[in-house]
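Structure data follow from protein_15.txt (compact mmCIF, C-alpha atoms):
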```txt
# COMPACT_ATOMS: atom_id res chain seq x y z
CA MET E 17 17.41 26.09 -51.47
CA LEU E 18 15.13 24.08 -53.73
CA ALA E 19 12.21 26.37 -52.89
CA ALA E 20 14.14 29.40 -54.12
CA ILE E 21 14.58 27.91 -57.58
CA ARG E 22 11.12 26.34 -57.82
CA PRO E 23 9.73 26.54 -61.37
CA ASP E 24 6.60 28.69 -61.78
CA SER E 25 4.58 25.68 -62.94
CA TRP E 26 4.85 24.18 -59.44
CA ASN E 27 3.24 27.16 -57.72
CA LEU E 28 -0.45 26.48 -58.34
CA PRO E 29 -0.37 22.77 -57.40
CA LEU E 30 1.70 23.65 -54.33
CA LEU E 31 -0.85 26.32 -53.35
CA VAL E 32 -3.73 23.86 -53.78
CA HIS E 33 -1.85 21.21 -51.77
CA VAL E 34 -0.86 23.52 -48.89
CA LEU E 35 -4.25 25.24 -48.72
CA GLY E 36 -6.04 21.89 -48.69
CA ALA E 37 -3.77 20.53 -45.97
CA SER E 38 -4.31 23.65 -43.84
CA ILE E 39 -8.09 23.44 -44.19
CA LEU E 40 -7.96 19.71 -43.44
CA VAL E 41 -5.99 20.26 -40.23
CA GLY E 42 -8.21 23.20 -39.21
CA GLY E 43 -11.32 21.07 -39.74
CA LEU E 44 -9.82 18.21 -37.72
CA VAL E 45 -8.83 20.56 -34.88
CA ALA E 46 -12.33 22.09 -34.76
CA ALA E 47 -13.97 18.65 -34.89
CA LEU E 48 -11.69 17.21 -32.22
CA ALA E 49 -12.23 20.22 -29.95
CA SER E 50 -16.01 19.88 -30.18
CA GLN E 51 -15.84 16.10 -29.67
CA VAL E 52 -13.57 16.49 -26.62
CA VAL E 53 -15.75 19.23 -25.08
CA GLY E 54 -18.80 17.03 -25.75
CA TRP E 55 -17.12 14.02 -24.10
CA ALA E 56 -17.84 15.55 -20.69
CA ARG E 57 -21.51 14.37 -20.64
CA GLU E 58 -22.61 17.83 -19.56
CA SER E 59 -26.17 17.69 -20.94
CA ALA E 60 -28.14 16.04 -23.72
CA THR E 61 -28.54 19.38 -25.53
CA GLY E 62 -24.83 20.07 -25.24
CA ALA E 63 -23.82 16.60 -26.41
CA LEU E 64 -26.07 16.88 -29.48
CA GLN E 65 -24.95 20.43 -30.28
CA LEU E 66 -21.25 19.56 -30.04
CA ALA E 67 -21.65 16.33 -32.03
CA ARG E 68 -23.30 18.36 -34.78
CA VAL E 69 -20.50 20.94 -34.72
CA GLY E 70 -17.97 18.11 -34.97
CA PHE E 71 -19.87 16.50 -37.82
CA TYR E 72 -20.10 19.69 -39.85
CA ALA E 73 -16.45 20.57 -39.15
CA LEU E 74 -15.47 17.19 -40.57
CA LEU E 75 -17.95 17.24 -43.46
CA LEU E 76 -17.54 20.86 -44.59
CA ALA E 77 -13.90 21.54 -43.71
CA ALA E 78 -11.85 18.36 -43.19
CA VAL E 79 -13.27 16.33 -46.10
CA PRO E 80 -13.06 19.13 -48.74
CA GLY E 81 -9.63 20.02 -47.32
CA TRP E 82 -8.52 16.41 -47.76
CA ILE E 83 -9.75 16.39 -51.37
CA LEU E 84 -7.91 19.65 -52.16
CA MET E 85 -4.76 18.40 -50.42
CA ARG E 86 -4.87 15.08 -52.28
CA VAL E 87 -5.55 16.66 -55.69
CA GLY E 88 -2.70 19.12 -55.10
CA ALA E 89 -0.40 16.30 -53.94
CA ASP E 90 -0.97 14.25 -57.06
CA TRP E 91 -0.65 17.31 -59.30
CA ILE E 92 2.67 18.50 -57.83
CA TRP E 93 3.99 14.94 -57.67
CA ARG E 94 3.64 14.77 -61.46
CA GLU E 95 4.92 18.34 -61.97
CA GLU E 96 8.05 17.55 -59.95
CA GLY E 97 8.60 14.38 -61.98
CA TRP E 98 8.41 11.93 -59.08
CA ASP E 99 6.38 9.60 -61.29
CA ASP E 100 9.61 8.97 -63.25
CA VAL E 101 11.69 8.13 -60.17
CA ASP E 102 12.15 4.52 -59.02
CA SER E 103 12.72 5.07 -55.30
CA GLU E 104 10.97 7.98 -53.62
CA PRO E 105 12.41 9.81 -50.59
CA ALA E 106 11.08 8.94 -47.11
CA TRP E 107 9.12 12.19 -46.67
CA LEU E 108 7.16 11.46 -49.83
CA GLY E 109 6.42 7.92 -48.65
CA ILE E 110 5.16 9.27 -45.31
CA GLY E 111 2.96 11.68 -47.24
CA TRP E 112 1.33 9.00 -49.35
CA ILE E 113 0.71 6.64 -46.42
CA THR E 114 -0.83 9.26 -44.14
CA SER E 115 -2.78 10.85 -46.94
CA GLU E 116 -4.48 7.58 -47.86
CA ALA E 117 -4.88 6.08 -44.38
CA GLY E 118 -5.73 9.46 -42.84
CA GLY E 119 -8.34 10.06 -45.52
CA LEU E 120 -10.02 6.79 -44.59
CA LEU E 121 -9.94 7.75 -40.89
CA VAL E 122 -11.46 11.16 -41.67
CA LEU E 123 -14.21 9.56 -43.74
CA VAL E 124 -15.06 6.97 -41.07
CA ALA E 125 -14.93 9.63 -38.31
CA THR E 126 -17.32 11.83 -40.32
CA ILE E 127 -19.82 9.00 -40.79
CA LEU E 128 -19.61 7.90 -37.14
CA THR E 129 -20.03 11.46 -35.84
CA GLY E 130 -23.04 11.97 -38.12
CA LEU E 131 -24.64 8.69 -37.01
CA GLY E 132 -23.77 9.47 -33.38
CA ALA E 133 -25.43 12.89 -33.63
CA ARG E 134 -28.56 11.27 -35.07
CA ARG E 135 -28.68 8.73 -32.24
CA LEU E 136 -28.19 11.48 -29.66
CA ARG E 137 -31.13 13.37 -31.15
CA GLN E 138 -33.33 10.27 -31.10
CA SER E 139 -32.33 8.98 -27.64
CA GLY E 140 -31.79 12.24 -25.76
CA SER E 141 -28.67 10.71 -24.24
CA THR E 142 -25.68 12.71 -22.98
CA ALA E 143 -23.08 10.57 -24.74
CA SER E 144 -22.65 8.47 -27.85
CA THR E 145 -20.19 5.62 -28.26
CA LEU E 146 -20.10 6.33 -31.99
CA VAL E 147 -19.01 9.93 -31.39
CA ARG E 148 -16.41 8.76 -28.90
CA VAL E 149 -14.94 6.27 -31.37
CA ALA E 150 -14.94 9.09 -33.94
CA THR E 151 -13.09 11.30 -31.42
CA VAL E 152 -10.28 8.74 -31.19
CA LEU E 153 -10.12 8.38 -34.98
CA THR E 154 -10.07 12.16 -35.43
CA ALA E 155 -7.23 12.45 -32.89
CA ILE E 156 -5.20 9.74 -34.67
CA ALA E 157 -5.75 11.41 -38.05
CA LEU E 158 -4.74 14.80 -36.64
CA ILE E 159 -1.54 13.44 -35.08
CA ALA E 160 -0.68 11.66 -38.35
CA TYR E 161 -1.21 14.84 -40.36
CA VAL E 162 0.86 16.97 -37.98
CA VAL E 163 3.74 14.48 -38.35
CA THR E 164 3.23 14.53 -42.12
CA MET E 165 3.25 18.32 -42.23
CA TRP E 166 6.58 18.24 -40.43
CA ALA E 167 7.95 15.67 -42.89
CA MET E 168 6.66 17.65 -45.88
CA ALA E 169 7.99 20.96 -44.59
CA ALA E 170 11.36 19.76 -43.28
CA LYS E 171 11.98 16.98 -45.83
CA PRO E 172 14.44 15.20 -43.51
CA ASP E 173 16.96 12.83 -45.10
CA MET D 20 19.09 19.34 -41.76
CA GLU D 21 20.67 22.76 -42.07
CA LEU D 22 19.50 25.96 -40.38
CA TYR D 23 17.63 27.03 -43.51
CA ASP D 24 15.66 23.77 -43.54
CA TRP D 25 14.69 24.17 -39.87
CA LEU D 26 13.67 27.79 -40.31
CA LEU D 27 11.64 27.01 -43.41
CA ALA D 28 9.95 24.03 -41.75
CA LEU D 29 9.03 26.05 -38.64
CA HIS D 30 7.83 28.95 -40.82
CA VAL D 31 5.63 26.64 -42.90
CA LEU D 32 4.26 24.85 -39.80
CA SER D 33 3.41 28.24 -38.29
CA ALA D 34 1.51 29.15 -41.44
CA PHE D 35 -0.41 25.87 -41.18
CA SER D 36 -1.24 26.70 -37.58
CA TRP D 37 -2.52 30.16 -38.53
CA ILE D 38 -4.80 28.89 -41.31
CA ALA D 39 -6.00 26.03 -39.08
CA ALA D 40 -6.98 28.63 -36.45
CA MET D 41 -8.89 30.60 -39.07
CA VAL D 42 -10.80 27.43 -40.00
CA VAL D 43 -11.59 26.78 -36.31
CA TYR D 44 -12.93 30.34 -35.91
CA SER D 45 -14.96 29.97 -39.11
CA VAL D 46 -16.52 26.77 -37.76
CA ALA D 47 -17.36 28.55 -34.49
CA ILE D 48 -18.88 31.56 -36.26
CA ALA D 49 -20.97 29.28 -38.48
CA ALA D 50 -22.02 27.13 -35.50
CA GLY D 51 -22.98 30.21 -33.48
CA TRP D 52 -24.94 31.90 -36.29
CA ARG D 53 -28.34 30.52 -35.30
CA LEU D 54 -27.79 30.23 -31.56
CA THR D 55 -29.82 32.29 -29.13
CA VAL D 56 -29.42 30.46 -25.79
CA PRO D 57 -26.39 31.68 -23.78
CA SER D 58 -25.23 28.24 -22.55
CA ASP D 59 -25.19 26.97 -26.15
CA VAL D 60 -23.07 29.96 -27.13
CA VAL D 61 -20.64 29.39 -24.25
CA ARG D 62 -20.23 25.79 -25.42
CA VAL D 63 -19.38 26.84 -28.98
CA PHE D 64 -16.84 29.35 -27.71
CA LYS D 65 -15.18 26.56 -25.72
CA VAL D 66 -14.52 24.90 -29.08
CA ALA D 67 -13.27 28.19 -30.56
CA ARG D 68 -10.82 28.61 -27.68
CA VAL D 69 -8.55 26.00 -29.27
CA GLY D 70 -7.95 28.52 -32.05
CA ASP D 71 -6.30 30.99 -29.66
CA PRO D 72 -3.00 29.13 -29.13
CA LEU D 73 -3.00 28.10 -32.78
CA ILE D 74 -3.29 31.67 -34.02
CA ALA D 75 -0.71 32.90 -31.49
CA VAL D 76 1.80 30.25 -32.59
CA GLY D 77 0.90 30.86 -36.23
CA MET D 78 1.26 34.63 -36.22
CA ILE D 79 4.37 34.78 -34.02
CA GLY D 80 6.00 31.84 -35.81
CA THR D 81 5.40 33.19 -39.31
CA ILE D 82 6.80 36.63 -38.51
CA VAL D 83 9.79 35.48 -36.39
CA PHE D 84 10.93 32.63 -38.66
CA GLY D 85 9.93 34.60 -41.76
CA ILE D 86 12.10 37.60 -40.86
CA TRP D 87 14.92 35.27 -39.82
CA LEU D 88 14.70 33.54 -43.21
CA ALA D 89 14.55 36.91 -44.96
CA PHE D 90 17.80 38.04 -43.32
CA ASP D 91 19.43 34.65 -43.71
CA GLU D 92 18.55 33.73 -47.28
CA TYR D 93 16.77 36.61 -49.01
CA GLU D 94 16.69 40.40 -48.94
CA ILE D 95 14.32 41.94 -46.41
CA TRP D 96 13.55 44.70 -48.96
CA ASP D 97 12.41 42.26 -51.67
CA GLY D 98 8.97 43.32 -52.88
CA TRP D 99 7.25 40.04 -51.97
CA ILE D 100 8.69 40.13 -48.44
CA ILE D 101 7.50 43.70 -47.90
CA ALA D 102 4.07 42.74 -49.30
CA ALA D 103 3.97 39.81 -46.87
CA LEU D 104 4.93 42.02 -43.92
CA VAL D 105 2.21 44.55 -44.82
CA LEU D 106 -0.37 41.77 -45.20
CA TRP D 107 0.71 40.30 -41.85
CA LEU D 108 0.21 43.67 -40.13
CA VAL D 109 -3.19 44.21 -41.77
CA ALA D 110 -4.26 40.67 -40.83
CA ALA D 111 -3.18 41.29 -37.23
CA ALA D 112 -5.09 44.59 -37.06
CA ILE D 113 -8.27 43.12 -38.56
CA GLY D 114 -7.94 39.96 -36.46
CA GLY D 115 -7.89 42.12 -33.34
CA GLN D 116 -11.16 43.75 -34.41
CA VAL D 117 -12.74 40.36 -35.13
CA GLY D 118 -11.68 39.21 -31.67
CA LYS D 119 -13.37 42.23 -30.08
CA VAL D 120 -16.68 41.48 -31.83
CA TYR D 121 -16.82 37.78 -30.90
CA ASN D 122 -15.22 38.10 -27.45
CA GLY D 123 -18.00 40.59 -26.73
CA ALA D 124 -20.60 37.97 -27.65
CA ARG D 125 -18.80 35.29 -25.59
CA ASN D 126 -18.56 37.55 -22.53
CA ARG D 127 -22.22 38.54 -22.83
CA ALA D 128 -23.23 34.87 -23.06
CA LYS D 129 -21.16 34.03 -19.97
CA ALA D 130 -22.66 36.97 -18.07
CA LEU D 131 -26.20 35.86 -18.95
CA VAL D 132 -25.46 32.29 -17.79
CA ASP D 133 -23.94 33.61 -14.54
CA GLU D 134 -27.02 35.79 -13.97
CA GLY D 135 -29.23 32.73 -14.41
CA ARG D 136 -30.82 34.17 -17.57
CA ASP D 137 -30.13 31.13 -19.73
CA THR D 138 -33.03 31.68 -22.08
CA SER D 139 -33.24 32.78 -25.69
CA SER D 140 -31.62 36.20 -26.02
CA PRO D 141 -32.26 38.37 -29.11
CA GLU D 142 -29.43 40.65 -28.01
CA LEU D 143 -26.95 37.74 -27.98
CA SER D 144 -28.29 36.49 -31.29
CA ALA D 145 -27.70 39.91 -32.85
CA MET D 146 -24.13 39.95 -31.52
CA LEU D 147 -23.44 36.51 -33.02
CA ARG D 148 -24.93 37.54 -36.36
CA SER D 149 -22.88 40.71 -36.45
CA ARG D 150 -22.43 41.74 -40.07
CA ARG D 151 -19.28 43.62 -39.06
CA GLY D 152 -17.82 40.53 -37.42
CA LEU D 153 -18.57 38.34 -40.42
CA VAL D 154 -17.17 40.83 -42.94
CA LEU D 155 -14.01 41.42 -40.89
CA HIS D 156 -13.47 37.69 -40.36
CA SER D 157 -13.94 36.99 -44.08
CA LEU D 158 -11.53 39.81 -44.92
CA SER D 159 -9.04 38.48 -42.42
CA PHE D 160 -9.27 34.99 -43.96
CA LEU D 161 -8.80 36.43 -47.46
CA ILE D 162 -5.71 38.33 -46.32
CA VAL D 163 -4.21 35.15 -44.84
CA LEU D 164 -4.89 33.39 -48.15
CA ALA D 165 -3.28 36.31 -50.00
CA LEU D 166 -0.25 35.89 -47.73
CA LEU D 167 -0.07 32.24 -48.70
CA VAL D 168 -0.25 33.18 -52.39
CA VAL D 169 2.54 35.77 -51.95
CA MET D 170 4.70 33.23 -50.09
CA ILE D 171 4.30 30.60 -52.79
CA TYR D 172 4.40 32.77 -55.92
CA ARG D 173 6.97 35.30 -54.60
CA PRO D 174 6.04 37.99 -57.15
CA GLY D 175 8.97 40.06 -58.36
CA THR D 176 11.63 37.38 -57.91
```

Entire entry expressed as structure tokens:
Amino acid sequence: MLAAIRPDSWNLPLLVHVLGASILVGGLVAALASQVVGWARESATGALQLARVGFYALLLAAVPGWILMRVGADWIWREEGWDDVDSEPAWLGIGWITSEAGGLLVLVATILTGLGARRLRQSGSTASTLVRVATVLTAIALIAYVVTMWAMAAKPD
Amino acid sequence: MELYDWLLALHVLSAFSWIAAMVVYSVAIAAGWRLTVPSDVVRVFKVARVGDPLIAVGMIGTIVFGIWLAFDEYEIWDGWIIAALVLWLVAAAIGGQVGKVYNGARNRAKALVDEGRDTSSPELSAMLRSRRGLVLHSLSFLIVLALLVVMIYRPGT
């Protein structure tokens, strides 16, 4: 029942954190969907178009979402006084690890998808290894964040 | 974990799913804004299709687990719960209208491809740049964000 007695000062950082995480996951889902559809080597036009959609989904949704999520996480962590606690609970540890490592994955996936899209435009090819590597990274980041969302929401012992 | 923890976790995850779907649709609308060739449009709507199960899980999960939580831990007639229910209904109604606008564009694009008329179509372009669709989608997104604010701030408690 912690949520029911949450102090008002926690609301805004929680809103920023949850909104950021939702946008991050939405951006990753959109990017992964476009990368997976583009994996099929349908046509050069299609591969380029879908790589661009994936790139912009990562750049304009996932990355800003990650920043919002991370700012909100740090803010509420301080508001809740976890900075004064010696040993943090497991769900918080999961959150920190996936937030940092996942952020790196999202950043690398964004760069690779952007470079892959540029190469597709230059070569006229139907597939890009860079985009495919980015697809795997995006999938790993998405799975990690879904597990984290569960840990954050359920706060298991 | 107790029943309350499970219900809250599933309710929160459903909300994540709903917002993630809204982000996916936003990406698709943005990606389709300048498209004129039917096969390109069909490709973008393949990406958007991933939003359909997400929004179904999100909307059903938030209402089912939300009402369950309301009966289990709160009062269903609390002002913030009624506000959330009203916002949910409005979001569902507007979301249905948004779906009609963009499903129309998707179906038209598919029909043009099937007819072998896969060339630039001003009619399709106009459907994708529908002012009504954009306004309704933006409104729908704002209502979902308002729902999130109501859930976190719980005005009146």

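Nearest to chain D of all the residues E:Ser38, E:Thr61, E:Thr145, E:Thr126 is E:Ser38, based on only C-alpha atoms.
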
(request) Extract, using only C-alpha atoms, all DNA, RNA and protein residues at most 6 Å from Val147 of chain E, discarding same-chain residues fewer than 3 positions from it, and format them as a ChimeraX atom specification. (result) /E:129,132,144,150

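For chain D, the residues having at least one atom no farther than 7 Å from chain E, when counting all atoms listed in the file, are Met20, Asp24, Trp25, Ala28, Val31, Phe35, Ile38, Ala39, Ala40, Val42, Val43, Val46, Ala50, Asp59, Val66, Val69, Val168, Ile171 and Tyr172 of chain D.
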
(request) For atom CA of Trp87 of chain D and atom CA of Leu32 of chain D, quote the distance in Å rounded to one decimal. (result)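 Result for atom CA of Trp87 of chain D versus atom CA of Leu32 of chain D: 14.9 Å, one decimal.
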
(message) Please compute the atom CA of Ala103 of chain D-atom CA of Leu166 of chain D distance, one decimal, in Å.
(response)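 Atom-to-atom, atom CA of Ala103 of chain D to atom CA of Leu166 of chain D, that is 5.8 Å.
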
(request) For atom CA of Phe160 of chain D and atom CA of Gly51 of chain D, determine how far apart the two atoms are, in Å to one decimal place. (result)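 Atom CA of Gly51 of chain D lies 17.9 Å from atom CA of Phe160 of chain D.
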
(message) Report as a PyMOL selection string all protein, DNA and RNA residues lying within 10 Å of Ile86 of chain D, evaluated on all atoms listed in the file, omitting residues in the same chain fewer than 4 positions from it.
(response) chain D and resi 26+30+80-82+90-95+100+104
